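Okay, so here's the structure we're looking at.
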Amino acid sequence: MAAFGFITLVLTGFVFLYYSYIANHTEEHDVSFFLSVALISMVMNLFTNAGGIFALAWLYLVIDVVFLGVGWLVDLENSVGFYTSIGPWFKNTFTDTQTIGWKVLSFVLFPAGIVLYFVNYNGNNTLAKTCGRAAWFGCLCVLLLLWAILGIAL
């Protein structure tokens with residue numbers, strides 16, 4: 001059941017990214033309710049995993065599936081845009097041979113990525129933004145994984 005709790009945590013993060021994309025690409029629809037419920041669901045999922053109450057993972061799975069379905073009803077055009085942007089994002093991220101090393105270094109060793117951001121900020125602004133973004137994602141992933149692993153282990 002611990003693995004199911006972790007899977008629903010990842011799915012909740014995906015739902016949060018999905019609604020963040022819709023919020024950034026639309027002026028017509030207000031999806032702040034869905035964003036706030038996804039964020040609250042993620043924090044609650046982390047706490048229930050930490051508390052060992054893995055039966056609530058079914059509730060988070062139902063919320064995530066319903067929210068993914070409602071997202072299509074809220075904004076069909078941007079939902080299609082989100083799913084079609086995933087492939088090119090992976091392709092651009094992992095085939096960019098000039099910065100892939102800097103991205104991996106900044107993601108894995110996020111303090112080094114933050115330092116690289118400040119070192120390159122005035123000289124090479126695009127490299128600085130790439131390193132800084134990867135460092136913040138790395139820091140966020142480490143914190144979430146640490147919270148999830150410690151919650152399951154304790």
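So you can find residues: chains in the structure tokens are A, B, ... in the order shown, residues in each start at 1, and ligands are numbered from 1 in order.
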Report as CSV the residues of range 87-126 of chain A within 9 Å of range 130-137 of chain A, each with its shortest atom pair and distance in Å (one decimal), using only C-alpha atoms, ordered by chain and increasing residue number.
```
residue,atom,partner,partner_atom,distance
A:Thr99,CA,A:Thr130,CA,7.9
A:Trp102,CA,A:Cys131,CA,6.4
A:Lys103,CA,A:Ala134,CA,5.7
A:Val104,CA,A:Ala134,CA,7.7
A:Leu105,CA,A:Cys131,CA,8.3
A:Ser106,CA,A:Ala135,CA,4.8
A:Phe107,CA,A:Ala134,CA,4.9
A:Val108,CA,A:Ala135,CA,7.8
A:Leu109,CA,A:Ala135,CA,7.4
A:Phe110,CA,A:Ala135,CA,4.3
A:Pro111,CA,A:Ala135,CA,7.0
A:Ala112,CA,A:Ala135,CA,7.8
A:Gly113,CA,A:Ala135,CA,4.9
A:Ile114,CA,A:Gly132,CA,5.5
A:Val115,CA,A:Gly132,CA,8.4
A:Leu116,CA,A:Cys131,CA,6.4
A:Tyr117,CA,A:Gly132,CA,5.0
A:Phe118,CA,A:Gly132,CA,8.3
A:Asn125,CA,A:Thr130,CA,8.6
A:Thr126,CA,A:Thr130,CA,6.2
```
Using only C-alpha atoms, please write the residues we just selected to a file, as a PDB file, in the first residue's frame.
```
ATOM      1  CA  THR A  99      23.388  22.361 -21.741  1.00  0.00           C
ATOM      2  CA  TRP A 102      24.723  21.716 -16.794  1.00  0.00           C
ATOM      3  CA  LYS A 103      21.083  20.673 -16.345  1.00  0.00           C
ATOM      4  CA  VAL A 104      21.992  17.292 -14.868  1.00  0.00           C
ATOM      5  CA  LEU A 105      24.635  18.815 -12.592  1.00  0.00           C
ATOM      6  CA  SER A 106      22.260  21.525 -11.409  1.00  0.00           C
ATOM      7  CA  PHE A 107      19.425  19.062 -10.848  1.00  0.00           C
ATOM      8  CA  VAL A 108      21.461  16.457  -8.967  1.00  0.00           C
ATOM      9  CA  LEU A 109      23.608  18.906  -7.000  1.00  0.00           C
ATOM     10  CA  PHE A 110      21.136  21.737  -6.589  1.00  0.00           C
ATOM     11  CA  PRO A 111      23.407  23.926  -4.403  1.00  0.00           C
ATOM     12  CA  ALA A 112      25.918  23.897  -7.281  1.00  0.00           C
ATOM     13  CA  GLY A 113      23.104  24.840  -9.662  1.00  0.00           C
ATOM     14  CA  ILE A 114      22.165  27.821  -7.527  1.00  0.00           C
ATOM     15  CA  VAL A 115      25.797  28.919  -7.460  1.00  0.00           C
ATOM     16  CA  LEU A 116      26.006  28.487 -11.241  1.00  0.00           C
ATOM     17  CA  TYR A 117      22.912  30.657 -11.577  1.00  0.00           C
ATOM     18  CA  PHE A 118      24.508  33.536  -9.683  1.00  0.00           C
ATOM     19  CA  ASN A 125      21.814  34.763 -18.882  1.00  0.00           C
ATOM     20  CA  THR A 126      20.296  31.760 -20.681  1.00  0.00           C
TER      21      THR A 126
END
```
(request) Please provide as a PyMOL selection string all residues within 12 Å of Tyr83 in chain A, with the sequence filter that same-chain residues fewer than 4 positions apart are discarded (counting only C-alpha atoms). (result) chain A and resi 14-15+17-19+21-22+68+71-72+76-79+87-90
(request) Just give me the gap between CA of Trp58 in chain A and CA of Gly5 in chain A in Å, one decimal is fine. (result) 8.4 Å
(request) Pick out the residues sitting within 9 Å of Gly13 in chain A, and hand them over as JSON, numbers by chain; count only C-alpha atoms, and ignore anything fewer than 4 positions along from it in its own chain. (result) {"A": [8, 9, 17, 18, 38, 39, 42]}
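For the atom pair formed by CA of Val70 in chain A and CA of Phe16 in chain A, the distance is 13.2 Å, given to one decimal.
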(request) Give the answer as one residue: which of A:Thr84, A:Asn120, A:Thr12, A:Gln98 has the shortest atom-to-atom distance to Val37 in chain A, using only C-alpha atoms? (result)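 Comparing A:Thr84, A:Asn120, A:Thr12, A:Gln98 against Val37 in chain A, the winner is A:Thr12.
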(request) May I ask which of the residues A:Asn49, A:Asp96, A:Phe54, A:Asn24 is the closest one to Gly81 in chain A, counting only C-alpha atoms? (result)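 Among A:Asn49, A:Asp96, A:Phe54, A:Asn24, it is A:Asn24 that comes nearest to Gly81 in chain A.
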(message) List as a ChimeraX atom specification the protein and nucleic acid residues near Trp147 in chain A, meaning an atom at most 8 Å away when only C-alpha atoms are counted, but skip any in the same chain fewer than 3 places from it.
(response) /A:46,50,143-144,150-151
